$ cat coords00.txt   # compact mmCIF, C-alpha atoms and all ligand atoms
# COMPACT_ATOMS: atom_id res chain seq x y z
CA MET A 1 47.28 18.56 -12.38
CA SER A 2 47.81 17.61 -8.80
CA ALA A 3 47.92 13.99 -7.68
CA LYS A 4 44.86 13.05 -5.72
CA ALA A 5 46.83 10.62 -3.64
CA ALA A 6 50.59 10.30 -3.52
CA LEU A 7 51.70 6.71 -3.87
CA ASN A 8 53.54 6.68 -0.58
CA LEU A 9 50.31 7.48 1.27
CA VAL A 10 48.47 4.55 -0.25
CA PRO A 11 49.14 1.02 1.03
CA ALA A 12 48.72 -0.29 -2.49
CA THR A 13 48.37 -3.96 -1.55
CA SER A 14 45.13 -3.05 0.20
CA LEU A 15 43.73 -1.46 -2.96
CA SER A 16 41.38 -3.61 -4.95
CA SER A 17 39.26 -2.61 -7.90
CA ASP A 18 37.03 -4.05 -10.58
CA LEU A 19 39.21 -2.30 -13.13
CA LEU A 20 42.76 -1.01 -13.07
CA ILE A 21 43.45 1.52 -15.83
CA VAL A 22 47.12 1.99 -16.64
CA GLY A 23 47.80 5.43 -18.12
CA GLY A 24 46.08 8.77 -17.57
CA GLY A 25 46.23 10.05 -21.15
CA VAL A 26 43.18 10.89 -23.21
CA LEU A 27 42.35 7.19 -23.75
CA GLY A 28 42.80 6.16 -20.13
CA LEU A 29 40.71 9.05 -18.79
CA TRP A 30 37.88 8.36 -21.25
CA ALA A 31 38.01 4.69 -20.21
CA ALA A 32 37.72 5.81 -16.58
CA LYS A 33 34.70 7.96 -17.46
CA TYR A 34 32.84 5.11 -19.19
CA ALA A 35 33.82 2.60 -16.49
CA LEU A 36 32.35 4.97 -13.90
CA ASP A 37 29.18 5.31 -15.96
CA ALA A 38 28.96 1.50 -15.92
CA GLY A 39 29.23 1.46 -12.11
CA LEU A 40 32.68 -0.12 -11.88
CA LYS A 41 35.09 0.54 -9.05
CA VAL A 42 38.08 2.02 -10.85
CA THR A 43 41.71 2.64 -9.99
CA LEU A 44 43.80 4.62 -12.49
CA ILE A 45 47.57 4.76 -12.24
CA ASP A 46 50.08 6.85 -14.16
CA LYS A 47 53.82 6.45 -13.93
CA LYS A 48 54.19 10.24 -14.07
CA ARG A 49 51.13 12.47 -13.95
CA CYS A 50 47.86 12.21 -15.78
CA GLY A 51 47.98 14.17 -19.04
CA SER A 52 51.77 14.41 -19.10
CA GLY A 53 52.36 12.03 -22.05
CA GLY A 54 51.40 12.37 -25.72
CA SER A 55 48.10 13.97 -24.63
CA ARG A 56 49.91 17.10 -23.42
CA GLY A 57 50.19 18.33 -27.01
CA LEU A 58 49.30 21.69 -28.49
CA LEU A 59 47.74 21.00 -31.87
CA GLY A 60 44.27 19.64 -31.07
CA ALA A 61 43.13 19.13 -34.67
CA LEU A 62 40.01 16.94 -34.86
CA ALA A 63 40.35 16.14 -38.52
CA PRO A 64 38.23 13.60 -40.39
CA HIS A 65 39.28 11.21 -43.12
CA LEU A 66 38.08 12.38 -46.54
CA PRO A 67 34.43 11.44 -47.25
CA ASN A 68 35.05 9.41 -50.44
CA ALA A 69 35.33 5.62 -50.57
CA MET A 70 33.87 5.25 -47.07
CA ASN A 71 34.86 2.20 -45.05
CA ASP A 72 34.48 0.97 -41.45
CA LYS A 73 37.30 3.14 -40.16
CA LYS A 74 36.02 6.31 -41.80
CA ARG A 75 32.50 5.62 -40.51
CA PHE A 76 33.77 4.95 -36.97
CA GLN A 77 35.60 8.28 -36.98
CA LEU A 78 32.62 10.12 -38.53
CA HIS A 79 30.33 8.96 -35.70
CA ALA A 80 33.02 9.74 -33.13
CA LEU A 81 33.49 13.31 -34.39
CA ASP A 82 29.73 13.79 -34.65
CA GLU A 83 29.04 12.81 -31.04
CA LEU A 84 32.05 14.58 -29.51
CA PRO A 85 30.62 18.14 -29.12
CA GLY A 86 27.69 16.84 -27.06
CA LEU A 87 29.98 14.79 -24.82
CA VAL A 88 32.43 17.68 -24.34
CA ALA A 89 29.56 20.02 -23.44
CA GLN A 90 28.31 17.54 -20.79
CA LEU A 91 31.77 17.16 -19.25
CA GLU A 92 32.29 20.93 -19.26
CA GLU A 93 29.02 21.44 -17.47
CA GLN A 94 29.83 18.82 -14.85
CA SER A 95 33.43 19.95 -14.31
CA GLY A 96 32.88 23.72 -14.56
CA LEU A 97 35.91 23.96 -16.88
CA ILE A 98 36.13 24.64 -20.60
CA ALA A 99 37.92 22.75 -23.35
CA HIS A 100 37.64 25.38 -26.14
CA TYR A 101 35.99 22.92 -28.51
CA GLY A 102 34.83 24.41 -31.83
CA GLN A 103 33.56 22.84 -35.03
CA THR A 104 35.18 25.49 -37.22
CA GLY A 105 35.99 23.35 -40.27
CA ARG A 106 39.15 22.82 -42.28
CA LEU A 107 40.54 24.32 -45.50
CA MET A 108 42.92 22.50 -47.81
CA PRO A 109 44.52 24.24 -50.82
CA ILE A 110 43.97 22.57 -54.19
CA ARG A 111 46.96 22.89 -56.41
CA VAL A 112 47.29 19.74 -58.47
CA PRO A 113 44.75 18.09 -60.80
CA GLY A 114 45.01 14.81 -58.87
CA PHE A 115 43.75 16.44 -55.67
CA GLN A 116 41.07 18.35 -57.63
CA LYS A 117 39.73 14.98 -58.86
CA ARG A 118 39.64 13.66 -55.30
CA VAL A 119 37.90 16.83 -54.11
CA ASP A 120 35.26 16.33 -56.85
CA ARG A 121 34.67 12.77 -55.63
CA CYS A 122 34.47 13.95 -52.02
CA ILE A 123 31.92 16.65 -52.87
CA GLU A 124 29.73 14.08 -54.63
CA GLU A 125 30.07 11.25 -52.11
CA SER A 126 29.85 13.41 -48.97
CA ARG A 127 26.21 14.18 -49.78
CA VAL A 128 25.44 10.59 -48.83
CA SER A 129 28.40 9.49 -46.72
CA TRP A 130 28.34 12.47 -44.36
CA ASP A 131 24.56 12.60 -44.06
CA LEU A 132 23.70 11.15 -40.66
CA GLY A 133 20.02 12.05 -40.82
CA VAL A 134 19.86 14.18 -37.66
CA ARG A 135 22.94 16.08 -38.82
CA SER A 136 24.91 16.27 -42.03
CA TYR A 137 28.30 17.71 -42.85
CA THR A 138 29.47 19.31 -46.08
CA PHE A 139 32.55 18.98 -48.21
CA GLU A 140 32.77 21.72 -50.83
CA GLN A 141 35.07 23.76 -52.99
CA VAL A 142 35.32 27.43 -52.03
CA GLU A 143 36.92 30.52 -53.51
CA ILE A 144 40.04 31.89 -51.92
CA GLY A 145 38.50 35.42 -51.74
CA SER A 146 36.66 34.89 -48.48
CA TYR A 147 39.86 33.72 -46.80
CA GLU A 148 42.20 36.45 -48.00
CA GLY A 149 45.02 36.97 -45.54
CA TRP A 150 44.27 33.62 -43.89
CA VAL A 151 45.41 31.47 -46.85
CA ASN A 152 48.17 32.37 -49.30
CA PRO A 153 46.46 32.45 -52.76
CA GLU A 154 49.70 31.41 -54.47
CA LEU A 155 49.48 28.06 -52.70
CA ALA A 156 45.87 27.51 -53.76
CA PRO A 157 45.80 28.20 -57.52
CA MET A 158 42.74 25.95 -58.03
CA GLY A 159 40.85 27.09 -54.92
CA LEU A 160 40.23 25.48 -51.56
CA ALA A 161 38.46 22.41 -50.26
CA PHE A 162 36.39 23.10 -47.13
CA ASP A 163 34.76 20.60 -44.80
CA SER A 164 32.38 21.42 -41.97
CA LEU A 165 33.08 18.30 -39.90
CA SER A 166 36.60 19.24 -38.78
CA ALA A 167 36.88 20.71 -35.32
CA ARG A 168 39.52 21.72 -32.81
CA ILE A 169 40.03 21.50 -29.07
CA VAL A 170 42.78 22.73 -26.72
CA PRO A 171 44.30 19.38 -25.67
CA ARG A 172 45.57 20.55 -22.26
CA SER A 173 42.26 22.23 -21.39
CA PHE A 174 40.34 19.15 -22.44
CA MET A 175 42.58 16.89 -20.35
CA GLN A 176 41.81 19.09 -17.34
CA VAL A 177 38.09 18.79 -18.06
CA LEU A 178 38.29 14.98 -18.23
CA TYR A 179 40.53 14.77 -15.17
CA ALA A 180 38.24 17.03 -13.14
CA PHE A 181 35.29 14.84 -14.07
CA VAL A 182 36.85 11.59 -12.82
CA MET A 183 39.15 12.75 -10.02
CA ASP A 184 36.73 12.54 -7.11
CA ARG A 185 34.99 9.44 -8.34
CA ILE A 186 37.89 7.04 -8.84
CA GLU A 187 41.15 6.22 -7.10
CA ILE A 188 43.98 7.96 -8.97
CA ILE A 189 47.59 7.16 -8.13
CA GLU A 190 50.23 9.20 -9.93
CA GLY A 191 53.94 8.38 -9.90
CA CYS A 192 53.00 4.68 -10.00
CA GLU A 193 54.42 2.49 -12.78
CA LEU A 194 53.00 -0.89 -13.71
CA ILE A 195 55.59 -3.46 -14.66
CA SER A 196 53.51 -6.65 -14.87
CA PHE A 197 50.04 -8.11 -14.39
CA ASP A 198 49.32 -11.67 -13.27
CA GLN A 199 45.98 -12.58 -14.87
CA LYS A 200 45.43 -15.67 -12.70
CA LYS A 201 45.88 -13.83 -9.42
CA GLY A 202 44.50 -10.48 -10.67
CA ARG A 203 47.59 -8.86 -9.25
CA ALA A 204 49.37 -5.87 -10.80
CA ARG A 205 52.97 -5.29 -9.79
CA MET A 206 54.49 -1.81 -9.65
CA ARG A 207 58.11 -0.80 -10.20
CA ASP A 208 58.52 0.08 -6.51
CA GLY A 209 57.41 -3.40 -5.44
CA ARG A 210 53.85 -2.62 -4.43
CA ALA A 211 50.84 -4.44 -5.80
CA ILE A 212 47.27 -3.60 -6.71
CA LEU A 213 44.55 -6.23 -6.92
CA ALA A 214 42.13 -5.89 -9.82
CA ASP A 215 39.88 -8.25 -11.75
CA LYS A 216 40.83 -6.64 -15.01
CA VAL A 217 43.45 -4.27 -16.30
CA VAL A 218 43.21 -1.82 -19.21
CA LEU A 219 46.58 -0.98 -20.76
CA ALA A 220 46.20 2.61 -21.95
CA ALA A 221 49.84 3.58 -21.48
CA GLY A 222 50.26 5.30 -24.86
CA TYR A 223 53.28 4.14 -26.85
CA GLU A 224 54.59 2.33 -23.74
CA THR A 225 51.68 -0.08 -23.99
CA TYR A 226 53.57 -1.89 -26.75
CA ASP A 227 56.42 -2.75 -24.36
CA LEU A 228 54.00 -3.85 -21.63
CA LEU A 229 52.34 -6.12 -24.19
CA LYS A 230 55.50 -7.79 -25.47
CA PRO A 231 55.77 -10.44 -22.72
CA LEU A 232 51.98 -10.91 -22.55
CA ALA A 233 51.25 -11.14 -26.28
CA ARG A 234 54.66 -12.42 -27.32
CA ALA A 235 54.46 -9.92 -30.15
CA ASP A 236 55.77 -6.49 -31.03
CA LEU A 237 52.65 -4.57 -32.03
CA GLY A 238 53.84 -0.98 -32.32
CA HIS A 239 56.19 1.82 -31.44
CA GLY A 240 56.31 5.50 -30.49
CA VAL A 241 56.70 8.27 -33.06
CA LYS A 242 58.00 11.51 -31.64
CA GLY A 243 56.57 14.80 -32.90
CA HIS A 244 56.86 18.54 -32.27
CA SER A 245 54.26 21.29 -32.42
CA SER A 246 54.39 25.00 -31.60
CA LEU A 247 52.07 27.59 -30.12
CA PHE A 248 51.53 31.26 -31.05
CA LYS A 249 49.30 34.04 -29.76
CA LEU A 250 47.13 35.69 -32.40
CA ASP A 251 43.91 37.53 -31.65
CA GLY A 252 40.83 37.67 -33.83
CA VAL A 253 41.18 34.35 -35.69
CA ALA A 254 39.55 31.90 -33.25
CA ASP A 255 36.65 31.20 -35.61
CA MET A 256 38.76 30.69 -38.73
CA PRO A 257 38.93 27.14 -40.13
CA SER A 258 42.05 25.07 -39.55
CA LEU A 259 44.43 24.79 -42.49
CA TYR A 260 46.03 21.60 -43.70
CA ASP A 261 48.54 21.29 -46.50
CA ASN A 262 51.09 18.57 -47.12
CA GLY A 263 51.55 17.49 -43.52
CA VAL A 264 51.41 21.03 -42.04
CA TYR A 265 48.56 22.04 -39.75
CA VAL A 266 47.57 25.54 -38.62
CA VAL A 267 44.92 25.31 -35.90
CA PRO A 268 43.35 28.49 -34.45
CA HIS A 269 42.02 27.90 -30.95
CA GLY A 270 39.22 29.38 -28.89
CA ASP A 271 41.66 30.67 -26.25
CA GLY A 272 43.37 33.15 -28.63
CA THR A 273 46.24 30.85 -29.56
CA VAL A 274 47.15 29.25 -32.86
CA ALA A 275 48.90 25.87 -32.87
CA VAL A 276 51.16 24.82 -35.71
CA GLY A 277 52.70 21.44 -36.49
CA ASN A 278 54.04 18.96 -36.84
CA SER A 279 57.13 16.76 -37.23
CA SER A 280 57.71 12.99 -37.10
CA GLN A 281 60.72 11.02 -35.84
CA ASN A 282 60.94 7.26 -35.44
CA GLU A 283 64.30 7.51 -33.67
CA TRP A 284 64.61 9.52 -30.44
CA SER A 285 66.07 9.23 -26.98
CA ASP A 286 64.23 11.83 -24.87
CA GLU A 287 60.47 11.93 -25.51
CA HIS A 288 59.93 15.55 -24.46
CA ALA A 289 63.25 17.16 -25.48
CA VAL A 290 62.55 20.03 -27.89
CA SER A 291 64.77 20.57 -30.90
CA GLU A 292 64.16 23.81 -32.81
CA GLY A 293 65.64 22.14 -35.86
CA HIS A 294 62.52 19.98 -36.01
CA CYS A 295 60.14 22.92 -35.52
CA LEU A 296 61.52 25.49 -37.95
CA PRO A 297 60.69 23.66 -41.21
CA TYR A 298 56.95 23.36 -40.39
CA ILE A 299 56.81 26.88 -38.93
CA ILE A 300 58.29 28.33 -42.14
CA ARG A 301 55.80 26.37 -44.23
CA ALA A 302 52.92 27.35 -41.93
CA ILE A 303 53.72 31.07 -42.29
CA GLU A 304 53.92 30.65 -46.07
CA LEU A 305 50.52 28.92 -46.03
CA CYS A 306 48.91 31.32 -43.54
CA PRO A 307 50.27 34.89 -43.92
CA ALA A 308 48.33 36.04 -40.82
CA LEU A 309 50.88 34.15 -38.72
CA GLN A 310 53.50 36.80 -39.54
CA LYS A 311 51.88 38.97 -36.86
CA ALA A 312 51.62 36.15 -34.31
CA LYS A 313 53.68 36.09 -31.11
CA PHE A 314 55.63 32.90 -30.41
CA LEU A 315 54.67 31.22 -27.13
CA SER A 316 56.22 27.75 -26.94
CA HIS A 317 57.31 24.51 -28.58
CA TRP A 318 56.38 21.06 -27.31
CA ALA A 319 57.53 17.55 -28.16
CA GLY A 320 55.88 14.25 -27.31
CA VAL A 321 55.39 10.72 -28.52
CA ARG A 322 52.34 9.26 -30.29
CA PRO A 323 51.51 5.53 -30.15
CA ARG A 324 51.60 3.95 -33.60
CA SER A 325 50.70 0.31 -34.19
CA HIS A 326 52.75 -1.53 -36.80
CA ALA A 327 49.41 -2.46 -38.41
CA LYS A 328 48.64 1.32 -38.37
CA ASP A 329 45.30 1.29 -36.52
CA PRO A 330 44.29 1.58 -32.86
CA ILE A 331 44.22 -1.64 -30.82
CA VAL A 332 41.15 -2.18 -28.66
CA GLY A 333 39.91 -5.22 -26.77
CA ALA A 334 40.78 -8.21 -24.61
CA LEU A 335 44.22 -9.62 -25.20
CA ASP A 336 42.95 -13.21 -25.05
CA ASP A 337 40.06 -15.41 -23.89
CA ARG A 338 41.03 -15.14 -20.23
CA GLY A 339 39.67 -11.59 -20.34
CA GLY A 340 41.95 -10.12 -17.68
CA VAL A 341 44.12 -7.90 -19.85
CA HIS A 342 42.58 -5.30 -22.16
CA VAL A 343 44.33 -3.03 -24.64
CA LEU A 344 43.48 0.56 -25.53
CA THR A 345 46.12 2.34 -27.57
CA GLY A 346 47.40 3.25 -31.04
CA GLY A 347 45.40 6.41 -31.80
CA PHE A 348 48.52 7.88 -33.44
CA LYS A 349 47.57 11.28 -34.95
CA ILE A 350 43.79 11.18 -34.47
CA SER A 351 43.35 10.09 -30.84
CA PHE A 352 41.49 13.16 -29.58
CA GLY A 353 38.69 12.73 -32.12
CA ILE A 354 38.08 9.01 -31.48
CA ALA A 355 39.33 8.29 -27.93
CA HIS A 356 35.85 8.44 -26.38
CA ARG A 357 34.39 5.96 -28.86
CA LEU A 358 37.32 3.56 -28.53
CA ALA A 359 37.05 3.71 -24.73
CA ARG A 360 33.29 3.27 -24.78
CA ALA A 361 33.56 0.24 -27.09
CA LEU A 362 36.10 -1.35 -24.75
CA ILE A 363 34.16 -0.72 -21.53
CA GLU A 364 30.94 -1.99 -23.14
CA ARG A 365 32.75 -5.23 -24.00
CA ILE A 366 34.21 -5.55 -20.52
CA THR A 367 30.81 -5.08 -18.89
CA GLY A 368 28.91 -7.10 -21.51
CA ALA A 369 26.63 -4.16 -22.29
CA PRO A 370 23.92 -4.73 -24.90
CA ASN A 371 23.90 -2.74 -28.19
CA ARG A 372 27.61 -2.13 -28.12
CA VAL A 373 29.53 0.27 -30.36
CA SER A 374 31.13 -1.91 -32.99
CA LEU A 375 34.78 -1.59 -33.86
CA PRO A 376 36.36 -1.74 -37.33
CA PRO A 377 37.89 -5.24 -37.76
CA SER A 378 41.38 -3.74 -38.08
CA TYR A 379 41.10 -2.33 -34.52
CA GLU A 380 40.70 -5.80 -33.02
CA VAL A 381 43.58 -7.32 -31.03
CA ALA A 382 43.34 -10.52 -33.12
CA TYR A 383 43.92 -8.52 -36.31
CA HIS A 384 47.08 -6.90 -34.88
CA LEU A 385 48.39 -10.25 -33.63
CA ALA A 386 47.79 -11.82 -37.04
CA GLU A 387 49.60 -8.94 -38.79
CA ALA A 388 52.54 -9.31 -36.38
CA GLU A 389 52.63 -13.03 -37.15
CA LYS A 390 52.75 -12.24 -40.88
CA ASP A 391 55.62 -9.83 -40.21
CA ASN A 392 57.48 -12.57 -38.34
CA ARG A 393 57.00 -15.01 -41.18
CA GLY A 394 58.04 -12.29 -43.65
CA ASP A 395 55.00 -12.94 -45.86
CA LYS A 396 53.35 -9.55 -45.45
CA LYS A 397 52.63 -7.61 -48.64
CA ILE A 398 54.72 -4.43 -48.79
C1 LIG B 1 53.31 16.54 -32.01
C2 LIG B 1 52.01 15.82 -31.86
C3 LIG B 1 50.86 16.36 -32.40
C4 LIG B 1 49.63 15.69 -32.29
N1 LIG B 1 48.52 16.28 -32.80
C5 LIG B 1 47.33 15.66 -32.66
C6 LIG B 1 46.15 16.28 -33.13
O1 LIG B 1 46.19 17.39 -33.66
N2 LIG B 1 44.97 15.64 -32.97
C7 LIG B 1 44.89 14.41 -32.37
O2 LIG B 1 43.80 13.85 -32.25
N3 LIG B 1 46.00 13.79 -31.90
C8 LIG B 1 47.20 14.39 -32.04
N4 LIG B 1 48.34 13.79 -31.57
C9 LIG B 1 48.25 12.43 -31.07
C10 LIG B 1 47.73 12.35 -29.67
O3 LIG B 1 48.24 13.39 -28.89
C11 LIG B 1 48.11 11.00 -29.07
O4 LIG B 1 47.80 9.95 -29.96
C12 LIG B 1 47.35 10.77 -27.77
O5 LIG B 1 47.58 11.81 -26.87
C13 LIG B 1 47.74 9.45 -27.14
O6 LIG B 1 46.98 9.31 -25.98
P1 LIG B 1 47.13 8.05 -25.05
O7 LIG B 1 46.16 8.18 -23.96
O8 LIG B 1 47.10 6.81 -25.89
O9 LIG B 1 48.65 8.14 -24.52
P2 LIG B 1 49.35 9.22 -23.58
O10 LIG B 1 48.71 10.54 -23.61
O11 LIG B 1 50.81 9.16 -23.93
O12 LIG B 1 49.12 8.64 -22.13
C14 LIG B 1 49.75 7.47 -21.68
C15 LIG B 1 50.03 7.63 -20.18
O13 LIG B 1 50.47 6.37 -19.69
C16 LIG B 1 51.47 6.60 -18.72
N5 LIG B 1 52.25 5.36 -18.62
C17 LIG B 1 53.12 4.85 -19.52
N6 LIG B 1 53.62 3.68 -19.09
C18 LIG B 1 53.06 3.43 -17.87
C19 LIG B 1 53.18 2.37 -16.92
N7 LIG B 1 53.97 1.31 -17.14
N8 LIG B 1 52.49 2.47 -15.76
C20 LIG B 1 51.68 3.53 -15.52
N9 LIG B 1 51.53 4.56 -16.40
C21 LIG B 1 52.20 4.51 -17.56
C22 LIG B 1 52.23 7.80 -19.24
O14 LIG B 1 52.91 8.49 -18.20
C23 LIG B 1 51.13 8.63 -19.88
O15 LIG B 1 50.63 9.63 -19.02
C24 LIG B 1 49.57 14.44 -31.63
C25 LIG B 1 50.72 13.90 -31.05
C26 LIG B 1 51.94 14.57 -31.15
C27 LIG B 1 53.15 13.98 -30.52
$ encode --input "coords00.txt" --output "structure tokens"
Amino acid sequence: MSAKAALNLVPATSLSSDLLIVGGGVLGLWAAKYALDAGLKVTLIDKKRCGSGGSRGLLGALAPHLPNAMNDKKRFQLHALDELPGLVAQLEEQSGLIAHYGQTGRLMPIRVPGFQKRVDRCIEESRVSWDLGVRSYTFEQVEIGSYEGWVNPELAPMGLAFDSLSARIVPRSFMQVLYAFVMDRIEIIEGCELISFDQKKGRARMRDGRAILADKVVLAAGYETYDLLKPLARADLGHGVKGHSSLFKLDGVADMPSLYDNGVYVVPHGDGTVAVGNSSQNEWSDEHAVSEGHCLPYIIRAIELCPALQKAKFLSHWAGVRPRSHAKDPIVGALDDRGGVHVLTGGFKISFGIAHRLARALIERITGAPNRVSLPPSYEVAYHLAEAEKDNRGDKKI
């Protein structure tokens, strides 16, 4: 993506906005979209380029939680995944670009009685929990026969679980769609790093000494949000988890369901590629440095799971960092009663399926919109601060 305005051309002290969004990843760009819809004057900054952080991934699995024992989080994600195709279609139409979204479902091999029991519960409960009235989604057990060649039968001795809610999207294509939608409607400054925000003065300070004036700031800086929050919240709320994924070219499988087994994903995309992943590392020094040693184990397991991959042509590996809150869930909302600093991060492995709903909930709160999307209690800033406090006191249950 090209920067709309290079920082050195913009006298930043003269910039003033209703809302300054920090971070042009999938969360920041969705926030920009909803802020625009609400009529706010928006400036978005990114210390590198929009879409160059964790959102530059390859996998693009839009995978739901299982439909048994529904709770607030599962329901939030269900509604998010249900509304996403309509929103993507609108953005594609307005931007003239395509994101290769497809609700092609997901298969999971059943090989132990414990999972079979869970599948049975999911089949039963999904009839109610995944029935949204206007649309409903299915969770069922299917025979391996119809997926011969796509799934290794030896890994699915008891059959396969299939759900119709899972979808996939090409992350880089989708980021281009979102970026194209907002780029002419907001001020975007790339290569511009926030280092602090003075709530009283509404003044954001950049690493190169410039300042931007804004009534409110949304911190959507991915895993780096946690460091920006430390001095403001006086709490350590999360960290970055590095991961790898890999891309292959394989024709004729774009409509096949994604496969998931024991942490390994195989995701066929609408552009003729298949993405495979992924790994997890809590310790790392270079966020985008690729190490084949981290890719090979999941690639070997993916080929074992999906024999069709034997004919695929390798295209590339990618590594990036996902934001993970210590209290596990996304963090969304005003940092405190002063209402100047807002947080939008922590989507970890499921950001692409829920980012729009998180961003909408936040912007609706900022603008005081009626009939707002409600957030699960564990997404609230207060919940994360309380969990951090428990950690500090050492009285958290393990
Ligand atoms: C290997 C891997 C596989 C994944 N697979 C999936 C998947 O299949 N499905 C799914 O939904 N999710 C997946 N994810 C997770 C998902 O990609 C991330 O959770 C998501 O992209 C995070 O988006 P974000 O907007 O919060 O952060 P980012 O995309 O990281 O964006 C943050 C932006 O903020 C900028 N920034 C940082 N600090 C500052 C600052 N001080 N000032 C200005 N700008 C700043 C950065 O440059 C960056 O562009 C995966 C992640 C990885 C690593």
$ residues_near_ligand --input "coords00.txt" --ligand "ligand LIG 1 (chain B)" --cutoff "6 Å" --atoms "only C-alpha atoms and all ligand atoms" --output "ChimeraX atom specification"
/A:22-28,45-55,57,59-62,192-195,220-222,224,242-245,278,319-323,345,347-353
$ atom_distance --input "coords00.txt" --atom1 "atom CA of A:Gly96" --atom2 "atom CA of A:Val170"
15.7 Å
$ residues_around --input "coords00.txt" --residues "stretch 123-126 of chain A" --least-positions-apart "2" --cutoff "8 Å" --atoms "all atoms listed in the file" --output "list in words"
Pro67, Asn68, Ala69, Val119, Asp120, Arg121, Val128, Ser129, Trp130, Asp131, Tyr137, Thr138, Phe139, Glu140 and Gln141 of chain A
$ write_last_selection --input "coords00.txt" --atoms "C-alpha atoms" --output "CSV table (one decimal), in the frame of the given file"
chain,number,residue,atom,x,y,z
A,67,PRO,CA,34.4,11.4,-47.2
A,68,ASN,CA,35.0,9.4,-50.4
A,69,ALA,CA,35.3,5.6,-50.6
A,119,VAL,CA,37.9,16.8,-54.1
A,120,ASP,CA,35.3,16.3,-56.8
A,121,ARG,CA,34.7,12.8,-55.6
A,128,VAL,CA,25.4,10.6,-48.8
A,129,SER,CA,28.4,9.5,-46.7
A,130,TRP,CA,28.3,12.5,-44.4
A,131,ASP,CA,24.6,12.6,-44.1
A,137,TYR,CA,28.3,17.7,-42.8
A,138,THR,CA,29.5,19.3,-46.1
A,139,PHE,CA,32.6,19.0,-48.2
A,140,GLU,CA,32.8,21.7,-50.8
A,141,GLN,CA,35.1,23.8,-53.0
$ residues_around --input "coords00.txt" --residues "stretch 154-161 of chain A" --least-positions-apart "4" --cutoff "9 Å" --atoms "only C-alpha atoms" --output "VMD selection string"
chain A and resid 106 to 113 116 119 139 to 144 304 to 305
$ closest_residue --input "coords00.txt" --among "A:Arg168, A:Lys390, A:Arg338, A:Lys41" --to "A:Pro64" --atoms "all atoms listed in the file"
A:Arg168
$ closest_residue --input "coords00.txt" --among "A:Gly346, A:Gly340, A:Gly102, A:Gly333" --to "A:Leu362" --atoms "all atoms listed in the file"
A:Gly333
$ closest_residue --input "coords00.txt" --among "A:Ala35, A:Ala235, A:Leu66, A:Leu178" --to "A:Ala388" --atoms "only C-alpha atoms"
A:Ala235
$ atom_distance --input "coords00.txt" --atom1 "atom CA of A:Asp37" --atom2 "atom CA of A:Ile331"
22.3 Å
$ residues_around --input "coords00.txt" --residues "A:Ala302" --least-positions-apart "4" --cutoff "8 Å" --atoms "all atoms listed in the file" --output "PDB file with C-alpha atoms, in the frame of the given file"
ATOM      1  CA  VAL A 264      51.410  21.030 -42.040  1.00  0.00           C
ATOM      2  CA  TYR A 265      48.560  22.040 -39.750  1.00  0.00           C
ATOM      3  CA  VAL A 266      47.570  25.540 -38.620  1.00  0.00           C
ATOM      4  CA  VAL A 276      51.160  24.820 -35.710  1.00  0.00           C
ATOM      5  CA  TYR A 298      56.950  23.360 -40.390  1.00  0.00           C
ATOM      6  CA  CYS A 306      48.910  31.320 -43.540  1.00  0.00           C
ATOM      7  CA  LEU A 309      50.880  34.150 -38.720  1.00  0.00           C
TER       8      LEU A 309
END
$ closest_residue --input "coords00.txt" --among "A:Gly145, A:Pro85, A:Pro307, A:Gly272" --to "A:His356" --atoms "only C-alpha atoms"
A:Pro85
$ closest_residue --input "coords00.txt" --among "A:Ala63, A:Ser166, A:Gln94, A:Asp72" --to "A:Tyr379" --atoms "only C-alpha atoms"
A:Asp72
$ atom_distance --input "coords00.txt" --atom1 "atom CA of A:Asp184" --atom2 "atom CA of A:Leu36"
11.1 Å
$ closest_residue --input "coords00.txt" --among "A:Asp236, A:Glu389, A:Glu83, A:Asp336" --to "A:Ala355" --atoms "all atoms listed in the file"
A:Glu83
$ residues_around --input "coords00.txt" --residues "A:Leu19" --least-positions-apart "5" --cutoff "8 Å" --atoms "all atoms listed in the file" --output "PyMOL selection string"
chain A and resi 40-43+214-218
